[in-house]
Amino acid sequence: MERWCGRVAVVTGASAGIGASIAESLVRHGMVVVAMARREQRLKELAEKLQGGGGGPKGSLHPLKVDICNEAEVRDAFQWVKDTYGAVHVLVNNAGITRNVKLSEMERTDVMRALVETNVIALSLCTGLAVRMMRESGVEDGHIIHINSVAGHSILPFTGHHSYGSTKHAVTVLTEGLRKELMEAKSKIRVTSVSPGLVKTEIFEAAGSQEDLYKENPYLNPQDVADCVVFALGMPSHVQIHEVTVKPVGEFI
Ligand SMILES: NC(=O)c1ccc[n+]([C@@H]2O[C@H](COP(=O)([O-])OP(=O)(O)OC[C@H]3O[C@@H](n4cnc5c(N)ncnc54)[C@H](OP(=O)(O)O)[C@@H]3O)[C@@H](O)[C@H]2O)c1
């Protein structure tokens with residue numbers, strides 16, 4: 001990870017769960033992390049927590065209040081990164097939501113819209129803006145990481161989460177599609193999909209879901225996923241970890 005020290009990472013959805021752990025890990029590896037989310041106070045608390053921690057190379061965390069579903073805000077945020085740091089070297093597309101809704105009972109479009117806008121469209125926009133900035137600023141060894149899900153590779157046994165699964169299947173296609181485009185362009189920018197099984201975060205609470213999957217199922221901690229991101233980033237620049245699937249021991253999916 002030494003070569004990333006002092007370089008710039010954008011992490012979306014860094015105010016909670018997996019994104020907060022990834023942001024923290026990258027700071028501990030010396031990166032300058034631009035942490036994006038809507039809950040600015042949470043981002044500020046994370047920045048404060050990381051100030052003055054002991055040991056090893058230390059980076060920094062810069063909170064940026066961004067609703068990734070608001071195209072103008074996202075464009076402004078990436079422009080701010082360019083104006084402030086000159087470049088982005090790593091993008092972690094982590095922000096994501098789920099909703100518990102049965103396909104057979106979907107009578108309004110707002111749920112599906114929110115899922116697609118957050119998990120697919122915003123991820124695609126952030127990717128496009130980051131790759132363009134990498135190219136314009138001559139970053140040849142940039143890295144785009146998509147936080148995908150086991151739901152992006154199989155059909156989950158839980159009804160109510162197939163709408164979410166459809167967006168994560170899209171992320172699987174967007175990962176390989178981006179890799180192919182970069183390959184055709186002879187770019188050295190790498191792309192990785194990290195696909196966790198169940199992780200203990202606020203995602204179901206944020207979905208307003210009453211179900212408690214953590215009660216009866218084994219789960220990962222956000223740090224386990226952050227470790228996978230560090231693993232993929234830490235590989236030599238000619239090695240592309242295409243897909244990391246990580247499950248808690250005993251997961252039945
Ligand atoms: N937890 C799991 O079991 C699990 C398993 C596999 C994959 N994943 C994936 O992991 C990623 C992170 O999820 P998590 O479990 O850590 O969920 P979480 O604890 O609910 O955190 C979600 C993060 O996304 C941000 N976010 C959501 N909508 C946003 C928006 N419109 N604009 C900006 N930020 C937004 C939230 O920030 P604000 O609310 O402050 O904006 C929050 O920081 C997601 O892509 C999810 O699909 C999770």
# chains A, B, ... in the order shown; residues from 1 in each chain; ligands from 1

call {"tool": "residues_near_ligand", "arguments": {"ligand": "ligand 1", "cutoff": "6 Å", "atoms": "only C-alpha atoms and all ligand atoms", "output": "PyMOL selection string"}}
result
chain A and resi 13-19+37-39+66-69+94-97+118+147-149+196-203+206

call {"tool": "write_last_selection", "arguments": {"atoms": "N, CA, C and O atoms", "output": "compact mmCIF listing (two decimals), in the first residue's frame"}}
result
# COMPACT_ATOMS: atom_id res chain seq x y z
N GLY A 13 -20.58 7.19 0.34
CA GLY A 13 -21.28 6.50 1.43
C GLY A 13 -20.35 6.21 2.60
O GLY A 13 -20.38 5.14 3.19
N ALA A 14 -19.56 7.22 2.95
CA ALA A 14 -18.54 7.03 4.00
C ALA A 14 -19.05 7.40 5.39
O ALA A 14 -18.27 7.40 6.34
N SER A 15 -20.33 7.70 5.52
CA SER A 15 -20.84 8.13 6.83
C SER A 15 -21.26 6.98 7.72
O SER A 15 -21.61 7.19 8.88
N ALA A 16 -21.23 5.76 7.19
CA ALA A 16 -21.72 4.61 7.98
C ALA A 16 -21.15 3.32 7.42
O ALA A 16 -20.59 3.30 6.31
N GLY A 17 -21.29 2.27 8.19
CA GLY A 17 -21.06 0.91 7.71
C GLY A 17 -19.76 0.67 6.99
O GLY A 17 -18.68 1.08 7.43
N ILE A 18 -19.89 0.01 5.85
CA ILE A 18 -18.71 -0.44 5.08
C ILE A 18 -17.90 0.77 4.59
O ILE A 18 -16.66 0.76 4.67
N GLY A 19 -18.58 1.80 4.12
CA GLY A 19 -17.88 2.97 3.59
C GLY A 19 -17.04 3.68 4.64
O GLY A 19 -15.91 4.11 4.36
N ALA A 37 -21.09 11.71 1.55
CA ALA A 37 -22.38 11.18 2.02
C ALA A 37 -23.29 12.37 2.28
O ALA A 37 -22.84 13.52 2.22
N ARG A 38 -24.55 12.08 2.63
CA ARG A 38 -25.48 13.18 2.92
C ARG A 38 -25.35 13.64 4.36
O ARG A 38 -25.50 14.81 4.66
N ARG A 39 -25.05 12.73 5.29
CA ARG A 39 -25.00 13.09 6.72
C ARG A 39 -23.61 13.65 7.05
O ARG A 39 -22.70 12.93 7.45
N VAL A 66 -22.57 15.26 0.06
CA VAL A 66 -23.02 15.03 -1.32
C VAL A 66 -24.15 14.02 -1.33
O VAL A 66 -24.04 12.95 -0.72
N ASP A 67 -25.23 14.38 -2.02
CA ASP A 67 -26.25 13.38 -2.33
C ASP A 67 -25.90 12.82 -3.70
O ASP A 67 -26.00 13.52 -4.71
N ILE A 68 -25.47 11.56 -3.74
CA ILE A 68 -24.96 11.04 -5.02
C ILE A 68 -26.06 10.87 -6.06
O ILE A 68 -25.76 10.61 -7.22
N CYS A 69 -27.31 11.02 -5.64
CA CYS A 69 -28.41 10.97 -6.62
C CYS A 69 -28.68 12.33 -7.24
O CYS A 69 -29.54 12.46 -8.11
N ASN A 94 -19.12 2.95 -3.03
CA ASN A 94 -19.68 2.13 -1.94
C ASN A 94 -21.15 2.46 -1.63
O ASN A 94 -21.90 1.58 -1.25
N ALA A 95 -21.53 3.74 -1.75
CA ALA A 95 -22.89 4.14 -1.33
C ALA A 95 -23.93 3.24 -2.00
O ALA A 95 -23.88 3.00 -3.19
N GLY A 96 -24.85 2.76 -1.20
CA GLY A 96 -25.88 1.90 -1.75
C GLY A 96 -27.02 1.74 -0.76
O GLY A 96 -26.85 1.98 0.44
N ILE A 97 -28.17 1.38 -1.29
CA ILE A 97 -29.34 1.19 -0.42
C ILE A 97 -30.04 -0.12 -0.80
O ILE A 97 -29.85 -0.64 -1.90
N THR A 118 -29.51 5.17 -6.96
CA THR A 118 -28.38 5.12 -6.02
C THR A 118 -27.36 4.06 -6.43
O THR A 118 -26.16 4.33 -6.51
N ILE A 147 -18.41 -1.56 -4.69
CA ILE A 147 -18.90 -2.46 -3.64
C ILE A 147 -20.20 -3.07 -4.16
O ILE A 147 -21.24 -2.42 -4.21
N ASN A 148 -20.06 -4.31 -4.55
CA ASN A 148 -21.14 -5.08 -5.15
C ASN A 148 -21.80 -5.90 -4.04
O ASN A 148 -21.89 -5.42 -2.90
N SER A 149 -22.18 -7.11 -4.28
CA SER A 149 -22.84 -7.94 -3.27
C SER A 149 -22.92 -9.37 -3.81
O SER A 149 -22.90 -9.56 -5.04
N PRO A 196 -19.65 -8.64 -0.91
CA PRO A 196 -19.82 -9.27 0.40
C PRO A 196 -21.15 -10.00 0.53
O PRO A 196 -22.13 -9.66 -0.12
N GLY A 197 -21.14 -10.99 1.42
CA GLY A 197 -22.39 -11.56 1.92
C GLY A 197 -22.92 -10.61 2.98
O GLY A 197 -22.66 -9.41 2.96
N LEU A 198 -23.62 -11.16 3.96
CA LEU A 198 -24.25 -10.30 4.97
C LEU A 198 -23.20 -9.59 5.84
O LEU A 198 -22.27 -10.23 6.34
N VAL A 199 -23.35 -8.28 5.96
CA VAL A 199 -22.43 -7.47 6.77
C VAL A 199 -23.26 -6.70 7.80
O VAL A 199 -24.32 -6.15 7.46
N LYS A 200 -22.75 -6.62 9.02
CA LYS A 200 -23.50 -5.91 10.09
C LYS A 200 -23.33 -4.41 9.92
O LYS A 200 -22.27 -3.83 10.22
N THR A 201 -24.35 -3.77 9.35
CA THR A 201 -24.34 -2.32 9.13
C THR A 201 -25.75 -1.78 9.38
O THR A 201 -26.62 -2.50 9.85
N GLU A 202 -25.96 -0.54 8.95
CA GLU A 202 -27.28 0.08 9.13
C GLU A 202 -28.18 -0.10 7.92
O GLU A 202 -29.24 0.54 7.84
N ILE A 203 -27.77 -0.92 6.96
CA ILE A 203 -28.47 -0.93 5.66
C ILE A 203 -29.94 -1.31 5.76
O ILE A 203 -30.78 -0.73 5.09
N ALA A 206 -31.79 1.52 7.54
CA ALA A 206 -32.00 2.63 6.60
C ALA A 206 -33.13 2.32 5.63
O ALA A 206 -33.78 3.24 5.11

call {"tool": "select_by_dssp", "arguments": {"residues": "range 42-149 of chain A", "states": "alpha helix (DSSP H)", "output": "ChimeraX atom specification"}}
result
/A:42-50,71-85,110-116,122-136

call {"tool": "write_last_selection", "arguments": {"atoms": "N, CA and C atoms", "output": "compact mmCIF listing (two decimals), in the first residue's frame"}}
result
# COMPACT_ATOMS: atom_id res chain seq x y z
N ARG A 42 -21.92 13.09 10.56
CA ARG A 42 -21.28 11.77 10.72
C ARG A 42 -19.87 11.78 10.10
N LEU A 43 -19.76 12.42 8.94
CA LEU A 43 -18.46 12.47 8.27
C LEU A 43 -17.47 13.29 9.11
N LYS A 44 -17.99 14.38 9.69
CA LYS A 44 -17.11 15.22 10.53
C LYS A 44 -16.64 14.46 11.76
N GLU A 45 -17.54 13.66 12.33
CA GLU A 45 -17.16 12.86 13.51
C GLU A 45 -16.08 11.84 13.16
N LEU A 46 -16.20 11.26 11.95
CA LEU A 46 -15.18 10.30 11.51
C LEU A 46 -13.84 11.01 11.31
N ALA A 47 -13.90 12.20 10.71
CA ALA A 47 -12.67 12.97 10.50
C ALA A 47 -12.00 13.29 11.84
N GLU A 48 -12.81 13.68 12.81
CA GLU A 48 -12.27 14.01 14.14
C GLU A 48 -11.63 12.79 14.79
N LYS A 49 -12.31 11.65 14.66
CA LYS A 49 -11.80 10.40 15.24
C LYS A 49 -10.42 10.05 14.65
N LEU A 50 -10.24 10.37 13.37
CA LEU A 50 -9.00 9.96 12.70
C LEU A 50 -7.87 10.96 12.88
N GLU A 71 -27.25 14.91 -9.52
CA GLU A 71 -26.18 14.97 -10.53
C GLU A 71 -25.32 16.22 -10.40
N ALA A 72 -25.98 17.37 -10.16
CA ALA A 72 -25.23 18.63 -10.06
C ALA A 72 -24.28 18.60 -8.86
N GLU A 73 -24.79 18.06 -7.73
CA GLU A 73 -23.94 17.97 -6.53
C GLU A 73 -22.72 17.06 -6.77
N VAL A 74 -22.95 15.97 -7.49
CA VAL A 74 -21.86 15.03 -7.76
C VAL A 74 -20.81 15.69 -8.66
N ARG A 75 -21.29 16.37 -9.70
CA ARG A 75 -20.36 17.06 -10.61
C ARG A 75 -19.54 18.11 -9.85
N ASP A 76 -20.24 18.90 -8.99
CA ASP A 76 -19.55 19.92 -8.20
C ASP A 76 -18.52 19.28 -7.27
N ALA A 77 -18.88 18.13 -6.69
CA ALA A 77 -17.97 17.47 -5.75
C ALA A 77 -16.69 17.02 -6.45
N PHE A 78 -16.84 16.43 -7.63
CA PHE A 78 -15.64 15.97 -8.35
C PHE A 78 -14.82 17.17 -8.83
N GLN A 79 -15.50 18.25 -9.21
CA GLN A 79 -14.77 19.46 -9.60
C GLN A 79 -13.98 20.00 -8.40
N TRP A 80 -14.61 19.94 -7.20
CA TRP A 80 -13.92 20.38 -5.97
C TRP A 80 -12.67 19.54 -5.73
N VAL A 81 -12.80 18.23 -5.95
CA VAL A 81 -11.63 17.34 -5.76
C VAL A 81 -10.52 17.77 -6.73
N LYS A 82 -10.91 18.04 -7.97
CA LYS A 82 -9.90 18.43 -8.97
C LYS A 82 -9.25 19.76 -8.61
N ASP A 83 -10.08 20.73 -8.23
CA ASP A 83 -9.55 22.05 -7.87
C ASP A 83 -8.67 21.98 -6.64
N THR A 84 -9.04 21.13 -5.69
CA THR A 84 -8.33 21.09 -4.41
C THR A 84 -7.08 20.21 -4.46
N TYR A 85 -7.19 19.05 -5.11
CA TYR A 85 -6.08 18.07 -5.07
C TYR A 85 -5.44 17.83 -6.44
N ASP A 110 -41.40 4.74 -6.99
CA ASP A 110 -40.37 5.48 -6.25
C ASP A 110 -39.32 4.56 -5.63
N VAL A 111 -39.71 3.37 -5.18
CA VAL A 111 -38.75 2.46 -4.55
C VAL A 111 -37.72 2.00 -5.57
N MET A 112 -38.23 1.54 -6.69
CA MET A 112 -37.32 1.03 -7.73
C MET A 112 -36.43 2.15 -8.27
N ARG A 113 -37.01 3.34 -8.41
CA ARG A 113 -36.23 4.49 -8.87
C ARG A 113 -35.07 4.79 -7.92
N ALA A 114 -35.38 4.79 -6.62
CA ALA A 114 -34.34 5.11 -5.63
C ALA A 114 -33.22 4.06 -5.69
N LEU A 115 -33.59 2.79 -5.83
CA LEU A 115 -32.58 1.73 -5.91
C LEU A 115 -31.69 1.90 -7.13
N VAL A 116 -32.32 2.12 -8.27
CA VAL A 116 -31.55 2.24 -9.52
C VAL A 116 -30.73 3.52 -9.51
N ALA A 122 -25.90 6.54 -10.02
CA ALA A 122 -24.90 7.35 -9.31
C ALA A 122 -23.52 6.70 -9.40
N LEU A 123 -23.49 5.39 -9.26
CA LEU A 123 -22.20 4.66 -9.38
C LEU A 123 -21.60 4.89 -10.77
N SER A 124 -22.44 4.87 -11.79
CA SER A 124 -21.95 5.05 -13.16
C SER A 124 -21.42 6.47 -13.37
N LEU A 125 -22.15 7.46 -12.81
CA LEU A 125 -21.70 8.85 -12.97
C LEU A 125 -20.37 9.07 -12.25
N CYS A 126 -20.27 8.59 -11.01
CA CYS A 126 -19.02 8.76 -10.26
C CYS A 126 -17.87 8.09 -11.01
N THR A 127 -18.13 6.92 -11.57
CA THR A 127 -17.09 6.21 -12.33
C THR A 127 -16.63 7.04 -13.52
N GLY A 128 -17.61 7.55 -14.28
CA GLY A 128 -17.26 8.33 -15.47
C GLY A 128 -16.45 9.57 -15.13
N LEU A 129 -16.88 10.27 -14.07
CA LEU A 129 -16.18 11.51 -13.69
C LEU A 129 -14.77 11.20 -13.17
N ALA A 130 -14.66 10.09 -12.41
CA ALA A 130 -13.34 9.74 -11.86
C ALA A 130 -12.38 9.31 -12.97
N VAL A 131 -12.86 8.48 -13.90
CA VAL A 131 -11.98 8.02 -14.98
C VAL A 131 -11.54 9.21 -15.83
N ARG A 132 -12.48 10.13 -16.11
CA ARG A 132 -12.10 11.30 -16.90
C ARG A 132 -11.02 12.12 -16.18
N MET A 133 -11.21 12.29 -14.85
CA MET A 133 -10.22 13.07 -14.11
C MET A 133 -8.86 12.35 -14.08
N MET A 134 -8.90 11.02 -13.95
CA MET A 134 -7.64 10.26 -13.96
C MET A 134 -6.92 10.48 -15.29
N ARG A 135 -7.67 10.41 -16.37
CA ARG A 135 -7.06 10.58 -17.70
C ARG A 135 -6.50 11.98 -17.86
N GLU A 136 -7.32 12.99 -17.49
CA GLU A 136 -6.91 14.39 -17.68
C GLU A 136 -5.69 14.74 -16.85

call {"tool": "select_by_dssp", "arguments": {"residues": "range 16-244 of chain A", "states": "strand (DSSP E or B)", "output": "PyMOL selection string"}}
result
chain A and resi 32-37+60-65+90-93+143-147+190-196+199+220+243-244

call {"tool": "closest_residue", "arguments": {"among": "A:Gly160, A:Gly86, A:Gly250, A:Gly142", "to": "Val101 in chain A", "atoms": "only C-alpha atoms"}}
result
A:Gly160

call {"tool": "atom_distance", "arguments": {"atom1": "CA of Val171 in chain A", "atom2": "CA of Glu216 in chain A"}}
result
27.7 Å

call {"tool": "residues_around", "arguments": {"residues": "Ser195 in chain A", "least_positions_apart": "4", "cutoff": "10 Å", "atoms": "only C-alpha atoms", "output": "PyMOL selection string"}}
result
chain A and resi 146-153+168+172+225+228+243-247

call {"tool": "atom_distance", "arguments": {"atom1": "CA of Lys215 in chain A", "atom2": "CA of Val194 in chain A"}}
result
24.2 Å

call {"tool": "atom_distance", "arguments": {"atom1": "CA of Ile241 in chain A", "atom2": "CA of His143 in chain A"}}
result
10.5 Å
